[in-house]
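Enquirer: My structure is below; once you've seen it, I'll send some questions.
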Amino acid sequence: MIMKKLPGEPYLAYQNGELCLESARLSELARTHGTPLFVYSQAAMLGALAAYQRGFAGRQVQICYAMKANPALGVIALFAQAGCGFDVVSGGDLDRVLAAGGEAKKVIFSGVGKTRSEMRQGLQAGIGCFNVESEAELDVLSEVACSLGLRAPVSIRVNPNVDPQTHPYISTGLKDNKFGIAHERVLPTYVHAAALPGIRVVGIDCHIGSQITQAEPYLEAMDRMLDLVDAVEAAGISIEHLDFGGGLGIDYNGDTPPDAGQLWAALLAKLDARGFGQRQLMIEPGRSLVGNAGVCVTEVLYLKPGEQKNFCIVDAAMNDLPRPAMYQAYHQIVPLQPRADATQVWEVVGPICESGDWLGHDRALAPRQGDLLAVLSAGAYCMSMASNYNSRGRAPEVLVDGAQSHLIRRRETIAEQMQQEQLPGH
Ligand SMILES: *Cc1c(COP(=O)(O)O)cnc(C)c1O
């Protein structure tokens, strides 16, 4: 039987007719922990990180894992031990980093809507940088820092107005996106920042979007950002670090993003040509570190062949894997134990009461009731976006290391879901 290349290779591969992640048989993990079940490969995550580290060999760089892609404590701890910093977007994210052993001084805080209490939390923890996204936020941050007798280390997030050629919901560097400060306002904002008593300017950053599969938008954004650095420094404000954000895409279905090493070779060449090669650099990758390190294992509950469509109803749903419903995203779906060639195409759908609850359209499969399937490329923006819709408990997560596996999150119970609630009058 001919199989497409699997995203996640070589860590994800068929061995003796069984889909394995590293040396762990996924069917065995499903038997132990039940389905739906997320399984992540430690070697795949560290391998993805190593591609970035190779790309930056000989440079001063801080890699800050954008933990919103997958905020499991077990995943954060792995990256912390590998020397990563973290890009956080809420006070809760920061608590997770600290709970998992990450260092506050390697944390950068992004996001357009930081609250005063989140600012206080970040300042008191001693985080490395606030990536400020509006002029109004800058004033509030200065006030909060002064009230604590501190100065907030700040980088201004530039909106370079570059089209990353990705899904509209995940492009962030266009003029009409809510993110960053418009190119023409950046210099006046730095001048204002430098005069504020509670602010210490340390950097500049931009992040143009996610699932970017070409190098050109990065190169364009870099040029615009470096133009601004020149202008800001000419105004007498020095910028210590340059942060290029995250956004590098992964292979979901034959996508061919540049390898992190290749991308950074091109970007560093430009940086050198413009005389910025020896600066302190930062990047914030999320998806590209974890996306193809994970799969979601699901069981076929029922088959419902029909005149128009054949439905393959599985026990994972849009509450576990929201990307298809949210962005019409494509995830490959493959059998754990392939035995027959597909003769039909199937709509792979979950049990949730929404027609939008689908995981894959028109998939060539030969499923039988009780079979196990794997939804691939499920390491990023799946569990982190999971919900309790239809009172479904969130799935457990297992981290595989060679032949060993560690349960890093157990299945959420209905008692846990109801814990914060009470009947009126109680
Ligand atoms: C989401 C996000 C990232 C990570 O994006 P990926 O596409 O997952 O690499 C980095 N920086 C910021 C500010 C983000 O919002």
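Simple scheme: letters A, B, ... for chains in structure tokens order, numbers from 1 for residues in each chain, numbers from 1 for ligands in the order shown.
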Extract, using only C-alpha atoms, all DNA, RNA and protein residues at most 6 Å from Val158 of chain A, discarding same-chain residues fewer than 6 positions from it, and format them as an mmCIF file with all heavy atoms, in the first residue's frame.

Expert:
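Produced file part-v5.cif, reproduced below:
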```cif
data_model
loop_
_atom_site.group_PDB
_atom_site.id
_atom_site.type_symbol
_atom_site.label_atom_id
_atom_site.label_comp_id
_atom_site.auth_asym_id
_atom_site.auth_seq_id
_atom_site.Cartn_x
_atom_site.Cartn_y
_atom_site.Cartn_z
ATOM 1 N N GLY A 180 0.620 45.399 16.800
ATOM 2 C CA GLY A 180 1.781 46.252 16.588
ATOM 3 C C GLY A 180 1.436 47.714 16.365
ATOM 4 O O GLY A 180 0.276 48.120 16.351
ATOM 5 N N ILE A 181 2.499 48.491 16.210
ATOM 6 C CA ILE A 181 2.363 49.934 16.008
ATOM 7 C C ILE A 181 2.741 50.239 14.563
ATOM 8 O O ILE A 181 3.767 49.763 14.065
ATOM 9 C CB ILE A 181 3.253 50.692 17.025
ATOM 10 C CG1 ILE A 181 2.659 50.472 18.432
ATOM 11 C CG2 ILE A 181 3.367 52.172 16.671
ATOM 12 C CD1 ILE A 181 3.384 51.141 19.559
ATOM 13 N N CYS A 206 8.965 42.393 15.686
ATOM 14 C CA CYS A 206 7.802 42.260 14.813
ATOM 15 C C CYS A 206 7.477 40.781 14.661
ATOM 16 O O CYS A 206 8.309 39.907 14.902
ATOM 17 C CB CYS A 206 8.031 42.934 13.461
ATOM 18 S SG CYS A 206 8.973 42.000 12.295
#
```

Enquirer: At a cut-off of 9 Å around ligand 1, and using only C-alpha atoms and all ligand atoms, what residues come up? Please write them as a PDB file with C-alpha atoms, in the first residue's frame.

Expert:
```
ATOM      1  CA  CYS A  64      11.820  32.245  23.069  1.00  0.00           C
ATOM      2  CA  TYR A  65       9.327  29.415  22.560  1.00  0.00           C
ATOM      3  CA  ALA A  66       5.894  30.940  21.841  1.00  0.00           C
ATOM      4  CA  MET A  67       4.151  28.760  24.374  1.00  0.00           C
ATOM      5  CA  LYS A  68       0.617  29.488  23.225  1.00  0.00           C
ATOM      6  CA  ALA A  69       1.264  26.822  20.576  1.00  0.00           C
ATOM      7  CA  ASP A  87       7.080  34.287  24.632  1.00  0.00           C
ATOM      8  CA  VAL A  88       4.011  34.616  26.883  1.00  0.00           C
ATOM      9  CA  VAL A  89       0.720  36.353  26.128  1.00  0.00           C
ATOM     10  CA  PHE A 109       5.442  39.342  27.188  1.00  0.00           C
ATOM     11  CA  SER A 110       3.472  39.916  23.948  1.00  0.00           C
ATOM     12  CA  GLY A 111      -0.156  40.750  23.275  1.00  0.00           C
ATOM     13  CA  ASN A 131       6.659  43.755  23.705  1.00  0.00           C
ATOM     14  CA  ARG A 157       6.207  45.789  18.215  1.00  0.00           C
ATOM     15  CA  ILE A 170      -3.278  34.147  11.289  1.00  0.00           C
ATOM     16  CA  THR A 172      -0.777  39.748  11.932  1.00  0.00           C
ATOM     17  CA  PHE A 179      -1.216  43.996  16.136  1.00  0.00           C
ATOM     18  CA  ASP A 205      10.211  43.407  17.442  1.00  0.00           C
ATOM     19  CA  CYS A 206       7.802  42.260  14.813  1.00  0.00           C
ATOM     20  CA  HIS A 207       5.765  39.148  14.143  1.00  0.00           C
ATOM     21  CA  ILE A 208       3.995  39.070  10.803  1.00  0.00           C
ATOM     22  CA  GLY A 209       1.843  35.972  11.028  1.00  0.00           C
ATOM     23  CA  SER A 210       1.785  32.228  11.327  1.00  0.00           C
ATOM     24  CA  GLN A 211       2.178  29.184   9.066  1.00  0.00           C
ATOM     25  CA  ILE A 212       4.416  31.230   6.740  1.00  0.00           C
ATOM     26  CA  PHE A 244      11.996  38.789  14.547  1.00  0.00           C
ATOM     27  CA  GLY A 245       8.970  36.994  16.005  1.00  0.00           C
ATOM     28  CA  GLY A 246       7.874  33.507  15.027  1.00  0.00           C
ATOM     29  CA  GLY A 247       5.578  32.267  12.323  1.00  0.00           C
ATOM     30  CA  LEU A 248       7.588  29.721  10.357  1.00  0.00           C
ATOM     31  CA  GLY A 249       5.175  27.198   8.859  1.00  0.00           C
ATOM     32  CA  ILE A 283      13.032  34.888  17.832  1.00  0.00           C
ATOM     33  CA  GLU A 284       9.670  33.566  19.008  1.00  0.00           C
ATOM     34  CA  PRO A 285       8.880  30.299  17.196  1.00  0.00           C
ATOM     35  CA  GLY A 286       5.846  28.310  18.291  1.00  0.00           C
ATOM     36  CA  ARG A 287       4.237  26.041  15.705  1.00  0.00           C
ATOM     37  CA  SER A 288       7.529  25.075  14.028  1.00  0.00           C
ATOM     38  CA  LEU A 289       8.935  23.712  17.322  1.00  0.00           C
ATOM     39  CA  VAL A 290       5.982  21.517  18.280  1.00  0.00           C
ATOM     40  CA  GLY A 291       3.416  21.179  15.468  1.00  0.00           C
ATOM     41  CA  ALA A 380       0.511  23.025  17.974  1.00  0.00           C
ATOM     42  CA  TYR A 381      -2.691  25.015  18.450  1.00  0.00           C
TER      43      TYR A 381
END
```

Enquirer: Restricting the calculation to only C-alpha atoms, which member of A:Lys175, A:His183, A:Lys270, A:Arg54 is positioned closest to Tyr218 of chain A?

Expert: A:Lys270

Enquirer: Can you pull out the residues contacting Leu196 of chain A? Cut-off 12 Å, using only C-alpha atoms, and skip same-chain residues under 2 positions away; I want them as an MDAnalysis selection string.

Expert: chainID A and resid 135 138:146 151:154 189:194 198:201

Enquirer: I need the residue nearest Gly393 of chain A from this list: A:Val349, A:Ala234, A:Ala82, A:Ala316. Use only C-alpha atoms for the distance.

Expert: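 Result for the nearest residue to Gly393 of chain A: A:Ala316.
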
Enquirer: Counting only C-alpha atoms, which residue out of A:Ala136, A:Leu271, A:Met318, A:Leu94 sits closest to Glu118 of chain A?

Expert: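 When distances to Glu118 of chain A are compared using only C-alpha atoms, the smallest one comes from A:Leu94.
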
Enquirer: Where in segment 254-400 of chain A does DSSP assign strand (DSSP E), given as a ChimeraX atom specification?

Expert: /A:280-283,294-304,311-314,333-335,344-349,358-365,372-375,397-400

Enquirer: Nearest residue to Tyr40 of chain A out of A:Ser405, A:Ser391, A:Gln124, A:Gln344, using only C-alpha atoms?

Expert: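 Nearest to Tyr40 of chain A: A:Ser405.
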
Enquirer: Closest to Asp401 of chain A among A:Gly74, A:Gly350, A:Gly370, A:Gly34, using only C-alpha atoms?

Expert: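 Residue with the minimum atom-to-atom distance to Asp401 of chain A: A:Gly74.
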
Enquirer: Determine, counting only C-alpha atoms, which protein, DNA and RNA residues have an atom within 12 Å of an atom of Glu233 of chain A; residues of the same chain fewer than 5 positions away are not included. Present the result as a ChimeraX atom specification.

Expert: /A:187,190-191,194,201-204,226-228,238-240

Enquirer: Pull N, CA and C atoms from the residues just selected and write them as a JSON list (two decimals), in the first residue's frame.

Expert:
```
[["chain", "number", "residue", "atom", "x", "y", "z"],
["A", 187, "LEU", "N", 8.76, 55.66, 15.19],
["A", 187, "LEU", "CA", 9.78, 56.59, 15.68],
["A", 187, "LEU", "C", 9.23, 57.51, 16.77],
["A", 190, "TYR", "N", 8.95, 55.61, 20.02],
["A", 190, "TYR", "CA", 10.22, 55.42, 20.73],
["A", 190, "TYR", "C", 10.65, 56.70, 21.44],
["A", 191, "VAL", "N", 10.47, 57.83, 20.78],
["A", 191, "VAL", "CA", 10.85, 59.11, 21.39],
["A", 191, "VAL", "C", 10.04, 59.32, 22.67],
["A", 194, "ALA", "N", 11.20, 56.82, 25.42],
["A", 194, "ALA", "CA", 12.49, 57.16, 26.03],
["A", 194, "ALA", "C", 12.33, 58.26, 27.08],
["A", 201, "VAL", "N", 13.92, 51.46, 27.20],
["A", 201, "VAL", "CA", 13.87, 50.87, 25.86],
["A", 201, "VAL", "C", 15.00, 49.84, 25.73],
["A", 202, "VAL", "N", 14.64, 48.60, 25.35],
["A", 202, "VAL", "CA", 15.68, 47.58, 25.16],
["A", 202, "VAL", "C", 15.67, 46.96, 23.77],
["A", 203, "GLY", "N", 14.52, 47.01, 23.08],
["A", 203, "GLY", "CA", 14.51, 46.30, 21.80],
["A", 203, "GLY", "C", 13.46, 46.76, 20.83],
["A", 204, "ILE", "N", 13.37, 46.01, 19.75],
["A", 204, "ILE", "CA", 12.35, 46.24, 18.73],
["A", 204, "ILE", "C", 11.92, 44.86, 18.27],
["A", 226, "LEU", "N", 14.75, 47.09, 10.11],
["A", 226, "LEU", "CA", 16.10, 47.64, 10.21],
["A", 226, "LEU", "C", 16.12, 49.12, 9.83],
["A", 227, "ASP", "N", 15.27, 49.52, 8.87],
["A", 227, "ASP", "CA", 15.14, 50.94, 8.53],
["A", 227, "ASP", "C", 14.74, 51.73, 9.79],
["A", 228, "LEU", "N", 13.82, 51.15, 10.53],
["A", 228, "LEU", "CA", 13.35, 51.82, 11.75],
["A", 228, "LEU", "C", 14.45, 51.88, 12.81],
["A", 238, "SER", "N", 19.14, 54.00, 21.85],
["A", 238, "SER", "CA", 19.80, 52.78, 21.37],
["A", 238, "SER", "C", 18.93, 51.56, 21.61],
["A", 239, "ILE", "N", 19.04, 50.64, 20.67],
["A", 239, "ILE", "CA", 18.23, 49.42, 20.69],
["A", 239, "ILE", "C", 19.16, 48.24, 20.85],
["A", 240, "GLU", "N", 19.00, 47.50, 21.97],
["A", 240, "GLU", "CA", 19.92, 46.40, 22.24],
["A", 240, "GLU", "C", 19.59, 45.16, 21.43]]
```
